[in-house]
Every structure is written in structure tokens, then in C-alpha cells.
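Coordinates from start.tsv are shown below (TSV, C-alpha atoms and all ligand atoms).
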```
chain	number	residue	atom	x	y	z
A	1180	MET	CA	29.31	87.85	22.10
A	1181	THR	CA	31.48	88.97	19.19
A	1182	VAL	CA	30.01	89.05	15.70
A	1183	THR	CA	31.59	88.37	12.31
A	1184	ALA	CA	31.24	90.62	9.26
A	1185	LEU	CA	28.54	88.24	7.99
A	1186	GLY	CA	26.33	89.04	10.97
A	1187	LEU	CA	26.93	85.63	12.55
A	1188	PRO	CA	27.79	84.98	16.17
A	1189	ALA	CA	31.55	84.43	16.26
A	1190	VAL	CA	32.04	82.61	19.55
A	1191	HIS	CA	30.66	79.11	19.90
A	1192	ARG	CA	30.16	78.30	23.56
A	1193	SER	CA	31.17	74.74	22.94
A	1194	SER	CA	34.40	75.74	21.18
A	1195	ASP	CA	36.49	74.97	24.28
A	1196	ARG	CA	35.46	71.32	24.21
A	1197	ALA	CA	38.08	68.77	23.30
A	1198	ILE	CA	37.81	67.47	19.74
A	1199	GLY	CA	35.61	64.38	19.72
A	1200	ALA	CA	34.00	65.20	23.08
A	1201	PRO	CA	30.21	64.75	23.16
A	1202	PRO	CA	28.16	67.93	22.63
A	1203	GLU	CA	27.05	69.75	25.78
A	1204	PRO	CA	23.44	68.98	26.65
A	1205	ALA	CA	20.81	71.75	26.55
A	1206	PRO	CA	20.33	73.50	29.91
A	1207	THR	CA	17.31	72.29	31.87
A	1208	THR	CA	16.47	75.66	33.48
A	1209	GLY	CA	16.89	79.38	32.84
A	1210	PRO	CA	16.28	81.24	29.59
A	1211	LEU	CA	15.81	79.60	26.18
A	1212	VAL	CA	19.42	79.69	24.96
A	1213	ASP	CA	21.36	78.25	22.04
A	1214	THR	CA	24.98	77.12	21.92
A	1215	TYR	CA	26.04	80.59	20.68
A	1216	GLY	CA	24.64	82.28	23.78
A	1217	ARG	CA	21.64	83.86	22.07
A	1218	VAL	CA	18.48	83.98	24.18
A	1219	ALA	CA	15.06	83.49	22.54
A	1220	THR	CA	12.38	85.69	24.11
A	1221	ASP	CA	10.22	86.35	21.02
A	1222	LEU	CA	7.81	83.57	19.97
A	1223	ARG	CA	6.30	83.59	16.45
A	1224	VAL	CA	3.13	81.49	16.31
A	1225	SER	CA	1.69	80.48	12.95
A	1226	LEU	CA	-2.05	79.94	13.44
A	1227	THR	CA	-2.76	78.53	9.99
A	1228	ASP	CA	-1.08	77.87	6.65
A	1229	LYS	CA	-4.20	79.07	4.79
A	1230	CYS	CA	-4.37	82.49	3.17
A	1231	ASN	CA	-6.74	84.59	1.06
A	1232	LEU	CA	-3.90	86.18	-0.97
A	1233	ARG	CA	-1.28	84.48	-3.14
A	1234	CYS	CA	1.78	86.74	-2.87
A	1235	THR	CA	4.27	85.69	-5.54
A	1236	TYR	CA	7.23	85.54	-3.10
A	1237	CYS	CA	5.34	83.33	-0.63
A	1238	MET	CA	2.67	81.11	-2.21
A	1239	PRO	CA	2.06	79.52	-5.61
A	1240	ALA	CA	-0.84	80.75	-7.79
A	1241	GLU	CA	-2.60	77.45	-7.03
A	1242	GLY	CA	-1.94	73.86	-6.05
A	1243	LEU	CA	-0.55	74.17	-2.53
A	1244	ASP	CA	-2.06	71.51	-0.24
A	1245	TRP	CA	-3.29	72.81	3.13
A	1246	LEU	CA	-2.30	71.05	6.32
A	1247	PRO	CA	-5.11	68.59	7.18
A	1248	GLY	CA	-7.42	69.76	9.99
A	1249	GLN	CA	-6.36	67.06	12.46
A	1250	ALA	CA	-2.72	68.08	12.01
A	1251	LEU	CA	-3.40	71.59	13.32
A	1252	LEU	CA	-3.06	72.41	16.98
A	1253	SER	CA	-6.39	72.93	18.71
A	1254	ALA	CA	-6.93	76.14	20.69
A	1255	ASP	CA	-6.40	74.19	23.93
A	1256	GLU	CA	-3.14	72.66	22.68
A	1257	LEU	CA	-1.90	76.05	21.54
A	1258	ASN	CA	-2.85	77.72	24.81
A	1259	ARG	CA	-0.92	75.08	26.72
A	1260	LEU	CA	2.21	75.66	24.65
A	1261	LEU	CA	1.87	79.42	25.12
A	1262	ARG	CA	1.65	78.93	28.87
A	1263	ILE	CA	4.77	76.72	28.86
A	1264	ALA	CA	6.62	79.27	26.70
A	1265	VAL	CA	5.79	82.21	28.96
A	1266	THR	CA	5.93	80.63	32.41
A	1267	ARG	CA	8.78	78.11	31.94
A	1268	LEU	CA	10.89	79.37	29.04
A	1269	GLY	CA	11.01	83.14	29.53
A	1270	ILE	CA	9.11	84.18	26.40
A	1271	THR	CA	8.15	87.85	26.76
A	1272	SER	CA	6.69	88.59	23.33
A	1273	VAL	CA	4.23	86.56	21.23
A	1274	ARG	CA	3.48	87.39	17.59
A	1275	PHE	CA	0.58	85.64	15.84
A	1276	THR	CA	1.08	85.12	12.13
A	1277	GLY	CA	0.42	82.56	9.40
A	1278	GLY	CA	-0.63	81.98	6.60
A	1279	GLU	CA	-3.23	84.60	7.28
A	1280	PRO	CA	-4.10	84.68	11.00
A	1281	LEU	CA	-7.37	86.55	10.37
A	1282	VAL	CA	-8.79	83.51	8.55
A	1283	THR	CA	-8.77	81.66	11.89
A	1284	ARG	CA	-12.00	82.26	13.78
A	1285	HIS	CA	-10.44	81.65	17.20
A	1286	LEU	CA	-7.82	84.43	16.87
A	1287	GLU	CA	-9.57	86.70	19.39
A	1288	ASP	CA	-9.85	83.79	21.89
A	1289	VAL	CA	-6.17	82.94	21.52
A	1290	VAL	CA	-5.21	86.60	22.04
A	1291	THR	CA	-7.44	86.74	25.14
A	1292	ALA	CA	-5.79	83.62	26.58
A	1293	ALA	CA	-2.29	84.93	25.85
A	1294	ALA	CA	-3.13	88.25	27.50
A	1295	ALA	CA	-4.17	86.42	30.69
A	1296	LEU	CA	-0.74	84.77	31.10
A	1297	GLN	CA	1.53	85.93	33.92
A	1298	PRO	CA	3.90	87.61	33.36
A	1299	ARG	CA	1.79	89.04	30.54
A	1300	PRO	CA	3.69	88.86	27.23
A	1301	GLU	CA	3.53	91.61	24.63
A	1302	ILE	CA	1.05	90.43	21.99
A	1303	THR	CA	1.37	91.40	18.35
A	1304	LEU	CA	-0.09	90.32	15.01
A	1305	THR	CA	1.22	90.17	11.45
A	1306	THR	CA	-1.64	90.18	8.93
A	1307	ASN	CA	-2.41	91.01	5.34
A	1308	GLY	CA	-5.21	93.25	6.66
A	1309	ILE	CA	-8.14	91.62	4.83
A	1310	GLY	CA	-11.06	91.56	7.25
A	1311	LEU	CA	-9.17	93.69	9.76
A	1312	ALA	CA	-11.61	96.59	9.34
A	1313	ARG	CA	-14.26	94.43	11.09
A	1314	ARG	CA	-11.99	92.95	13.75
A	1315	ALA	CA	-9.39	95.54	14.76
A	1316	ALA	CA	-11.40	97.00	17.67
A	1317	GLY	CA	-12.26	93.53	19.02
A	1318	LEU	CA	-8.64	92.40	18.79
A	1319	LYS	CA	-7.54	95.48	20.69
A	1320	ARG	CA	-10.14	94.70	23.38
A	1321	ALA	CA	-8.92	91.09	23.53
A	1322	GLY	CA	-5.42	92.31	24.40
A	1323	LEU	CA	-3.58	92.88	21.12
A	1324	ASP	CA	-0.85	95.48	21.68
A	1325	ARG	CA	0.56	96.17	18.22
A	1326	ILE	CA	0.05	95.19	14.61
A	1327	ASN	CA	2.02	94.83	11.39
A	1328	VAL	CA	-0.01	94.94	8.18
A	1329	SER	CA	1.64	93.69	5.02
A	1330	LEU	CA	1.27	95.97	2.00
A	1331	ASP	CA	3.68	95.98	-0.90
A	1332	SER	CA	2.14	98.67	-3.12
A	1333	ILE	CA	-0.61	101.29	-2.98
A	1334	ASP	CA	-1.00	101.05	-6.75
A	1335	ALA	CA	-4.07	98.81	-7.25
A	1336	ALA	CA	-2.70	97.16	-10.41
A	1337	HIS	CA	0.70	96.48	-8.83
A	1338	PHE	CA	-0.99	95.15	-5.68
A	1339	ALA	CA	-3.15	92.78	-7.73
A	1340	ARG	CA	-0.15	91.54	-9.73
A	1341	ILE	CA	1.94	90.89	-6.59
A	1342	THR	CA	-0.82	89.30	-4.47
A	1343	ARG	CA	-2.79	87.78	-7.39
A	1344	ARG	CA	-5.96	89.25	-5.81
A	1345	ASP	CA	-7.71	92.62	-6.25
A	1346	ARG	CA	-8.01	93.48	-2.53
A	1347	LEU	CA	-6.07	96.72	-2.04
A	1348	ALA	CA	-9.11	98.64	-0.72
A	1349	ASP	CA	-9.71	96.02	2.01
A	1350	VAL	CA	-6.12	96.32	3.21
A	1351	LEU	CA	-6.24	100.14	3.32
A	1352	ASP	CA	-9.53	99.96	5.25
A	1353	GLY	CA	-7.93	97.48	7.66
A	1354	LEU	CA	-5.00	99.80	8.28
A	1355	ALA	CA	-7.30	102.73	9.03
A	1356	ALA	CA	-9.35	100.58	11.42
A	1357	ALA	CA	-6.20	99.42	13.25
A	1358	LYS	CA	-5.18	103.01	13.85
A	1359	ALA	CA	-8.70	104.02	14.90
A	1360	ALA	CA	-8.78	101.10	17.37
A	1361	GLY	CA	-5.70	102.50	19.11
A	1362	LEU	CA	-3.20	99.86	18.02
A	1363	ASP	CA	0.03	101.83	18.27
A	1364	PRO	CA	2.24	101.92	16.34
A	1365	VAL	CA	0.66	100.55	13.15
A	1366	LYS	CA	3.52	99.16	11.08
A	1367	VAL	CA	3.38	98.37	7.37
A	1368	ASN	CA	5.55	95.47	6.12
A	1369	ALA	CA	6.53	95.69	2.45
A	1370	VAL	CA	8.41	93.15	0.33
A	1371	LEU	CA	9.39	94.80	-2.93
A	1372	ASP	CA	8.52	93.44	-6.34
A	1373	PRO	CA	11.60	93.14	-8.57
A	1374	VAL	CA	9.86	95.14	-11.35
A	1375	SER	CA	7.85	97.91	-9.67
A	1376	GLY	CA	9.42	97.77	-6.19
A	1377	LEU	CA	11.38	101.03	-6.07
A	1378	GLU	CA	8.45	103.06	-7.41
A	1379	ASP	CA	6.16	101.25	-4.94
A	1380	ALA	CA	8.52	101.99	-2.02
A	1381	VAL	CA	8.52	105.74	-2.70
A	1382	GLN	CA	4.69	105.84	-2.95
A	1383	LEU	CA	4.29	103.64	0.14
A	1384	LEU	CA	6.54	105.82	2.26
A	1385	GLY	CA	4.58	108.96	1.30
A	1386	TYR	CA	1.31	107.16	2.11
A	1387	CYS	CA	2.58	105.87	5.46
A	1388	LEU	CA	3.93	109.28	6.50
A	1389	ASP	CA	0.59	110.89	5.59
A	1390	HIS	CA	-1.38	108.32	7.64
A	1391	GLY	CA	0.96	107.96	10.63
A	1392	TYR	CA	1.99	104.35	9.85
A	1393	GLN	CA	5.59	103.11	10.20
A	1394	LEU	CA	6.90	101.52	7.01
A	1395	ARG	CA	9.29	98.54	7.19
A	1396	ILE	CA	10.73	97.31	3.90
A	1397	ILE	CA	11.95	93.70	3.98
A	1398	GLU	CA	14.43	92.23	1.52
A	1399	GLN	CA	12.87	89.30	-0.28
A	1400	MET	CA	14.13	85.95	1.06
A	1401	PRO	CA	14.22	82.46	-0.50
A	1402	LEU	CA	10.98	81.22	1.06
A	1403	ASP	CA	8.68	81.13	-1.98
A	1404	ALA	CA	6.69	77.98	-2.65
A	1405	GLY	CA	8.10	77.62	-6.16
A	1406	HIS	CA	11.75	77.88	-5.07
A	1407	THR	CA	12.35	80.40	-7.87
A	1408	TRP	CA	14.06	83.06	-5.71
A	1409	GLN	CA	17.28	84.42	-7.17
A	1410	ARG	CA	19.84	86.45	-5.26
A	1411	GLY	CA	20.30	88.77	-8.26
A	1412	SER	CA	16.61	89.77	-8.35
A	1413	VAL	CA	16.46	90.94	-4.72
A	1414	ILE	CA	16.17	94.71	-4.34
A	1415	ASP	CA	18.68	95.17	-1.55
A	1416	ALA	CA	18.71	97.62	1.35
A	1417	ASP	CA	21.31	99.93	-0.20
A	1418	THR	CA	19.29	100.25	-3.43
A	1419	ILE	CA	16.08	100.86	-1.46
A	1420	LEU	CA	17.70	103.58	0.65
A	1421	ALA	CA	19.22	105.26	-2.40
A	1422	ALA	CA	15.81	105.35	-4.10
A	1423	LEU	CA	14.06	106.72	-1.00
A	1424	GLY	CA	16.86	109.22	-0.48
A	1425	ARG	CA	16.10	110.81	-3.86
A	1426	HIS	CA	12.60	111.74	-2.62
A	1427	PHE	CA	12.91	112.07	1.17
A	1428	ASP	CA	15.42	113.58	3.60
A	1429	LEU	CA	16.61	110.49	5.58
A	1430	ARG	CA	18.82	110.57	8.68
A	1431	PRO	CA	19.98	107.45	10.54
A	1432	ASP	CA	18.03	106.87	13.74
A	1433	GLN	CA	20.35	107.29	16.73
A	1434	LYS	CA	18.56	104.87	19.09
A	1435	PRO	CA	20.33	101.53	19.75
A	1436	ARG	CA	18.90	98.80	17.53
A	1437	GLY	CA	19.15	95.89	20.00
A	1438	SER	CA	17.67	92.71	18.52
A	1439	ALA	CA	15.28	94.64	16.22
A	1440	PRO	CA	15.82	93.47	12.63
A	1441	ALA	CA	15.03	96.86	11.05
A	1442	GLU	CA	17.62	99.56	10.57
A	1443	LEU	CA	15.66	102.74	11.23
A	1444	TRP	CA	15.80	106.11	9.49
A	1445	GLN	CA	14.19	109.39	10.52
A	1446	VAL	CA	12.33	111.04	7.64
A	1447	ALA	CA	12.27	114.84	7.86
A	1448	ALA	CA	9.01	116.72	7.30
A	1449	SER	CA	8.64	118.27	3.84
A	1450	ALA	CA	6.08	120.37	1.99
A	1451	ALA	CA	4.52	117.11	0.76
A	1452	HIS	CA	4.58	114.89	3.89
A	1453	PRO	CA	4.87	115.05	7.69
A	1454	ALA	CA	7.93	113.61	9.46
A	1455	GLY	CA	8.14	109.93	10.41
A	1456	THR	CA	10.41	106.91	10.39
A	1457	VAL	CA	11.16	104.15	7.92
A	1458	GLY	CA	12.93	100.86	8.54
A	1459	VAL	CA	14.78	98.55	6.19
A	1460	ILE	CA	15.20	94.88	7.08
A	1461	ALA	CA	18.30	93.66	5.26
A	1462	SER	CA	17.82	89.96	5.98
A	1463	VAL	CA	19.81	88.94	2.90
A	1464	SER	CA	22.44	91.64	2.33
A	1465	HIS	CA	23.28	92.42	6.00
A	1466	ALA	CA	22.13	89.38	7.99
A	1467	PHE	CA	21.44	90.02	11.67
A	1468	CYS	CA	21.45	86.38	12.84
A	1469	SER	CA	23.85	87.16	15.71
A	1470	ALA	CA	21.12	89.20	17.41
A	1471	CYS	CA	18.25	86.79	16.69
A	1472	ASP	CA	15.94	86.32	19.68
A	1473	ARG	CA	13.20	84.25	17.98
A	1474	THR	CA	11.69	80.84	18.32
A	1475	ARG	CA	8.92	79.66	15.99
A	1476	LEU	CA	5.89	77.40	16.36
A	1477	THR	CA	4.13	76.19	13.22
A	1478	ALA	CA	0.37	75.67	13.01
A	1479	ASP	CA	0.97	71.90	13.21
A	1480	GLY	CA	2.98	72.14	16.40
A	1481	GLN	CA	6.57	72.02	15.15
A	1482	ILE	CA	9.32	74.14	16.70
A	1483	ARG	CA	11.68	75.79	14.27
A	1484	SER	CA	14.75	77.47	15.73
A	1485	CYS	CA	15.22	79.53	12.54
A	1486	LEU	CA	13.07	80.64	9.58
A	1487	PHE	CA	15.44	78.60	7.43
A	1488	SER	CA	15.60	75.47	9.59
A	1489	THR	CA	15.60	72.23	7.67
A	1490	GLU	CA	14.84	70.35	10.90
A	1491	GLU	CA	11.84	70.69	13.23
A	1492	SER	CA	10.93	69.38	16.67
A	1493	ASP	CA	7.50	67.82	17.04
A	1494	LEU	CA	5.70	69.21	20.10
A	1495	ARG	CA	2.30	68.10	18.76
A	1496	ALA	CA	3.28	64.45	19.14
A	1497	LEU	CA	4.28	65.13	22.75
A	1498	LEU	CA	1.03	67.02	23.42
A	1499	ARG	CA	-0.97	64.10	22.06
A	1500	SER	CA	0.98	61.45	23.97
A	1501	ASP	CA	0.17	62.91	27.39
A	1502	ALA	CA	3.68	64.27	27.94
A	1503	ASP	CA	3.89	66.51	31.00
A	1504	ASP	CA	4.87	70.19	30.88
A	1505	ALA	CA	8.46	69.40	31.88
A	1506	ALA	CA	8.92	67.03	28.91
A	1507	ILE	CA	7.50	69.59	26.47
A	1508	GLU	CA	9.66	72.33	27.97
A	1509	MET	CA	12.76	70.15	27.56
A	1510	ALA	CA	11.96	69.28	23.93
A	1511	TRP	CA	11.61	73.01	23.19
A	1512	ARG	CA	14.93	73.73	24.95
A	1513	LYS	CA	16.70	71.03	22.93
A	1514	ALA	CA	15.27	72.38	19.67
A	1515	MET	CA	16.56	75.87	20.41
A	1516	TRP	CA	19.92	74.64	21.73
A	1517	ALA	CA	20.57	73.29	18.21
A	1518	LYS	CA	19.80	76.64	16.51
A	1519	PRO	CA	22.26	77.19	13.65
A	1520	ALA	CA	24.63	80.19	13.66
A	1521	GLY	CA	22.89	81.80	10.71
A	1522	HIS	CA	20.53	81.31	7.79
A	1523	GLY	CA	23.29	80.66	5.27
A	1524	ILE	CA	21.38	82.25	2.37
A	1525	ASN	CA	24.62	83.57	0.94
A	1526	ASN	CA	26.50	80.24	1.20
A	1527	PRO	CA	27.00	78.14	-1.95
A	1528	ASP	CA	25.57	75.08	-0.14
A	1529	PHE	CA	22.39	76.89	1.05
A	1530	VAL	CA	19.30	74.66	1.00
A	1531	GLN	CA	15.89	76.35	0.93
A	1532	PRO	CA	13.48	74.86	3.50
A	1533	MET	CA	10.70	72.66	2.12
A	1534	ARG	CA	7.95	74.71	3.76
A	1535	PRO	CA	7.11	78.00	2.04
A	1536	MET	CA	6.82	81.13	4.20
A	1537	SER	CA	3.04	80.69	4.40
A	1538	ALA	CA	3.49	77.38	6.26
A	1539	ILE	CA	6.31	78.62	8.52
A	1540	GLY	CA	5.00	81.97	9.72
A	1541	GLY	CA	6.90	85.17	9.04
A	1601	LIG	N1	-0.37	86.69	5.89
A	1601	LIG	C1	0.22	87.58	6.83
A	1601	LIG	C2	0.93	88.73	6.16
A	1601	LIG	O1	1.15	88.66	4.95
A	1601	LIG	O2	1.27	89.67	6.85
A	1601	LIG	C3	1.17	86.90	7.79
A	1601	LIG	C4	2.07	85.84	7.23
A	1601	LIG	S1	3.29	86.44	6.10
A	1601	LIG	C5	4.15	84.94	5.74
A	1601	LIG	C6	4.35	87.32	7.20
A	1601	LIG	C7	5.32	88.27	6.55
A	1601	LIG	O3	6.24	87.54	5.78
A	1601	LIG	C8	4.67	89.28	5.61
A	1601	LIG	O4	5.02	90.59	5.98
A	1601	LIG	C9	5.25	88.94	4.27
A	1601	LIG	O5	5.42	90.06	3.45
A	1601	LIG	C10	6.56	88.30	4.65
A	1601	LIG	N2	7.09	87.41	3.62
A	1601	LIG	C11	6.46	86.40	3.00
A	1601	LIG	N3	7.29	85.79	2.12
A	1601	LIG	C12	8.47	86.45	2.20
A	1601	LIG	C13	9.72	86.30	1.54
A	1601	LIG	N4	9.92	85.35	0.62
A	1601	LIG	N5	10.72	87.13	1.89
A	1601	LIG	C14	10.53	88.11	2.82
A	1601	LIG	N6	9.38	88.28	3.48
A	1601	LIG	C15	8.35	87.47	3.17
A	1602	LIG	FE1	-0.62	85.20	2.36
A	1602	LIG	FE2	0.97	86.67	3.90
A	1602	LIG	FE3	2.00	84.82	2.24
A	1602	LIG	FE4	0.93	87.00	1.19
A	1602	LIG	S1	2.74	86.92	2.53
A	1602	LIG	S2	0.55	84.88	0.51
A	1602	LIG	S3	-0.70	87.44	2.59
A	1602	LIG	S4	0.75	84.41	3.97
```

Let's see the structure in the file written out as C-alpha cells.
Amino acid sequence: MTVTALGLPAVHRSSDRAIGAPPEPAPTTGPLVDTYGRVATDLRVSLTDKCNLRCTYCMPAEGLDWLPGQALLSADELNRLLRIAVTRLGITSVRFTGGEPLVTRHLEDVVTAAAALQPRPEITLTTNGIGLARRAAGLKRAGLDRINVSLDSIDAAHFARITRRDRLADVLDGLAAAKAAGLDPVKVNAVLDPVSGLEDAVQLLGYCLDHGYQLRIIEQMPLDAGHTWQRGSVIDADTILAALGRHFDLRPDQKPRGSAPAELWQVAASAAHPAGTVGVIASVSHAFCSACDRTRLTADGQIRSCLFSTEESDLRALLRSDADDAAIEMAWRKAMWAKPAGHGINNPDFVQPMRPMSAIGG
């Protein structure tokens, strides 16, 4: 597949069709493909839209209605969809996210069920780390392979301003427990604050190198509940790398990137810190949609082919109307077949999805 300078897939498989011909139907077997030839193998599962933080770029300070309890998938419904994804659709990697996945009590049970699937998928978790200190060892025993803990600043005042909660110590304890439990690697996801972000990034990288965590800095995307995101306020990848480069000796990582969203840099050892790596995820300034291998399931059973989808496919309704596995599989295939070429953030006609990130699952 060729790729345009915007990071979009250039060749549309249906481009040879005569003008006015009906669209090709989604394939009924084989991998989970879209019309651009991308194959989805990585499933992101949002377990809840609830959260115990209120990050400014994700949730409002107050006033966001939770999904009603009966709208959420039960553990049995979720386990069935995971089985269909792995055994019929070729999903090889499952990441649990939210909202905050640690606020769901059945997380360990869901991980255990996912780990029993054949072929066993890789199982990962994205969490804000609150409560992880108590649960990291149990999650590892249940079958969790890797973890990403979100942390935007190690300055307690900055952390409290960004997350609107004074919980930095809990997150740092959670990170330490994840490492002690043998989750490897432990990655730290950071979204930079427009005001303190560059200072925070330098401190975070030093902290992560010292503790053996892998830092990933993510450009802020238009997925905030208040729809206040502005392109001009995003600290972009080039600015982040320039700031880090003033404090650390960075060399581009030579390994092929594949579908991984992060561009990786090797950080040389110094008198102050050991060597390590840092990644920058340039979702806005250097979109990587052409290599996207993701499909997303919301906590209320909707398939989203893209973080920025404005349309969803309702698998919960099928689950609750006694549809068989083949019908659910086909609905999932159709949803992914219609995946757009790219997120379109940089287009003048871009429309931000109604759901904030907390209700989609990052
Ligand atoms: N609560 C968990 C956490 O924070 O890790 C999981 C859900 S959170 C929505 C998943 C990831 O999305 C986090 O790493 C968070 O920083 C990131 N995120 C949230 N809003 C974002 C935005 N507007 N742009 C970029 N990343 C965002
Ligand atoms: Fe909660 Fe994660 Fe969103 Fe922060 S980014 S408000 S921790 S869901």
C-alpha cells in the first residue's frame, strides 16, 4: 500500500470500480480488513466510561453523565465478543482501557477469560495507575502481559492542575508495583499540558530513565469533553523533541516501526541518568493512519473503526437479540470495512466525535 504525505493510505481498493457501481461488500472470511487494505489485529476494549480523575484534555470538571448500568456490556457479553474477535476475526492483541479500567471490579476476571482464549492474544492495559499498587500482582497472575500508565507530570502541583485531583503519589506507587509484579515493559503515557508541558516532559523522561519505565509522549488530540481543543495549543512532536534534545542525547531508533504509533529514540546514558528509550506519538502533526491496525469496542458495545468515527455499529443490540456468532462477526466486519482513510483532524471540515475520549477508550 502506498502512503500520501499526510500519512493516509493512498490506494483505495475500490478505486477500479466503475463510477456509479455499488460498493464492494465486506469480505465474509479472512482477516478484519477495510477498503484500503489495512488489517485490524489490535482490539481496544473500553470497560467503563467512569473515571476517578478529570484530565482537562479528556473529561469536564463535572457534569458528564455516565452510561446507565443496563447499557454496559455484562462480563458474559464482553467475553463472548472477545471470543468472536480472537477466534473468528484474527485479533491478536487486546488492550483494556476506559474511562478508568481499574474502577471495574471484574477487570481481573475479564483478563483471565481473555488469557484462556486460543490462540491466546497479547493482553495489555492502559490505566491512570490509581489503585494499581494493590492490583498489579493479581493482574499479572490473571494473564496481563504489559501495562501503560498515564502520567503527565511528576510535579505534584502540575499533576493536580492537569488531572483536577491530588493523586500523584498513588500513580507513582502504582508504577512501582507494576514493575515489581514483572509487567515488562512498564510504559508511561504522557499528554503535555500547553503551559507546563515541556518542563514536565524533561522531568518525566529523567524519572522514567531512573526507574526503568519507557516514556511515550502523545500529542493532544481533539477528544476533550468540552470541545475546546485548538490546533495552535498542541505541543507538537518537533517541539517536544527539541526540548528533550537540550537535556538528553537522543538518537533515532533503528528498528522498523511497523504499525506502532510511537517514533522511538534511544537516550544515551549520562552522569545524571541511565540509558533508555523515549517515544513520541505524533497523532496530529504526522498522522500514521495508513498503518492503523486497530478496532475499538466501547463499554456499551459499539464498534468504532477509528478513534474519530462519527458512526458506530451496535453489537450490544445484536447480543441482546439472540444473534448468532456469525451475525455478530459479520456486523463487526462491515463496521471495519467502512473505516475512513484517516482521522481528518487537519481538514477544515473536521468534526469532533460526540463522545469524549473517556467514553471511547484511548
Ligand atoms: N484512564 C486511563 C488512562 O488515563 O490511562 C485509560 C483511558 S485514557 C482515555 C487512555 C489514554 O488516552 C491516556 O493515556 C490518556 O492520556 C489519553 N488521552 C486522553 N485524552 C486524550 C487526548 N485528548 N489526546 C490525546 N490523548 C488523550
Ligand atoms: Fe480519566 Fe484517563 Fe481520561 Fe484522565 S485520560 S480523565 S485518567 S479516562

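Minimum atom-to-atom distance to Thr1489 in chain A, evaluated using only C-alpha atoms, belongs to A:Met1533 out of A:Met1533, A:Ala1416, A:Leu1476, A:Met1515.
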
Selection as JSON, numbers by chain: residues within 6 Å of ligand LIG 1601 (chain A) by all atoms listed in the file | {"A": [1236, 1237, 1276, 1277, 1278, 1279, 1305, 1306, 1307, 1328, 1329, 1368, 1369, 1370, 1397, 1398, 1399, 1400, 1401, 1402, 1403, 1536, 1537, 1540, 1541]}

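Only residues having an atom at most 9 Å from (21.1, 75.3, 15.7) are included; using only C-alpha atoms, these are A:Asp1213, A:Thr1214, A:Tyr1215, A:Ser1484, A:Cys1485, A:Ser1488, A:Ala1514, A:Met1515, A:Trp1516, A:Ala1517, A:Lys1518, A:Pro1519, A:Ala1520, A:Gly1521.
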
Enclose ligand LIG 1602 (chain A), meaning all of its atoms listed in the file, in a box aligned along x, y and z, pad it by 6 Å on each side, and list the centre and edge lengths in Å to one decimal, as JSON.
```
{"center_x": 1.0, "center_y": 85.9, "center_z": 2.2, "size_x": 15.4, "size_y": 15.0, "size_z": 15.5}
```

Which residues come within 12 Å of Val1463 in chain A, counting only C-alpha atoms, excluding same-chain residues fewer than 4 positions away, as a list of chain:residue names?
-> A:Leu1185, A:Gly1186, A:Ile1397, A:Glu1398, A:Gln1399, A:Met1400, A:Pro1401, A:Leu1402, A:Trp1408, A:Gln1409, A:Arg1410, A:Gly1411, A:Ser1412, A:Val1413, A:Ile1414, A:Asp1415, A:Ala1416, A:Asp1417, A:Pro1440, A:Val1459, A:Phe1467, A:Cys1468, A:Gly1521, A:His1522, A:Gly1523, A:Ile1524, A:Asn1525, A:Asn1526

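Minimum distance to ligand LIG 1602 (chain A) across A:Gly1216, A:Gly1405, A:Pro1535, A:Gly1385 (counting all atoms listed in the file) occurs at A:Pro1535.
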
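CA of Cys1230 in chain A to atom FE1 of ligand LIG 1602 (chain A) spans 4.7 Å [interatomic distance, one decimal].
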
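When CA of Gly1437 in chain A is paired with CA of Arg1473 in chain A, their separation reads 13.2 Å.
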
If you count all atoms listed in the file, which residues fall within 12 Å of Tyr1392 in chain A, apart from same-chain ones fewer than 3 positions away, as a ChimeraX atom specification?
-> /A:1325-1330,1351,1354-1355,1357-1359,1362-1368,1383-1389,1395,1453-1458

Rounded to one decimal in Å, what is the spacing between CA of Pro1373 in chain A and atom FE1 of ligand LIG 1602 (chain A)?
-> 18.2 Å

Could you list as a PyMOL selection string every residue that has an atom within 12 Å of (3.2, 78.2, 30.7), using the file's coordinates and counting only C-alpha atoms?
-> chain A and resi 1256-1271+1292-1293+1295-1300+1503-1505+1507-1508

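Residue nearest ligand LIG 1602 (chain A) within the list A:Arg1436, A:Arg1343, A:Arg1233, A:Arg1314: A:Arg1233 [criterion: smallest interatomic distance, all atoms listed in the file].
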
Near-Ser1272 in chain A list (8 Å; all atoms listed in the file; drop same-chain fewer than 4 positions) as a ChimeraX atom specification | /A:1220-1222,1300-1303

Please produce an output containing C-alpha atoms for each residue in the selection, written as an mmCIF file, keeping the file's coordinate frame.
```
data_model
loop_
_atom_site.group_PDB
_atom_site.id
_atom_site.type_symbol
_atom_site.label_atom_id
_atom_site.label_comp_id
_atom_site.auth_asym_id
_atom_site.auth_seq_id
_atom_site.Cartn_x
_atom_site.Cartn_y
_atom_site.Cartn_z
ATOM 1 C CA THR A 1220 12.380 85.690 24.110
ATOM 2 C CA ASP A 1221 10.220 86.350 21.020
ATOM 3 C CA LEU A 1222 7.810 83.570 19.970
ATOM 4 C CA PRO A 1300 3.690 88.860 27.230
ATOM 5 C CA GLU A 1301 3.530 91.610 24.630
ATOM 6 C CA ILE A 1302 1.050 90.430 21.990
ATOM 7 C CA THR A 1303 1.370 91.400 18.350
#
```
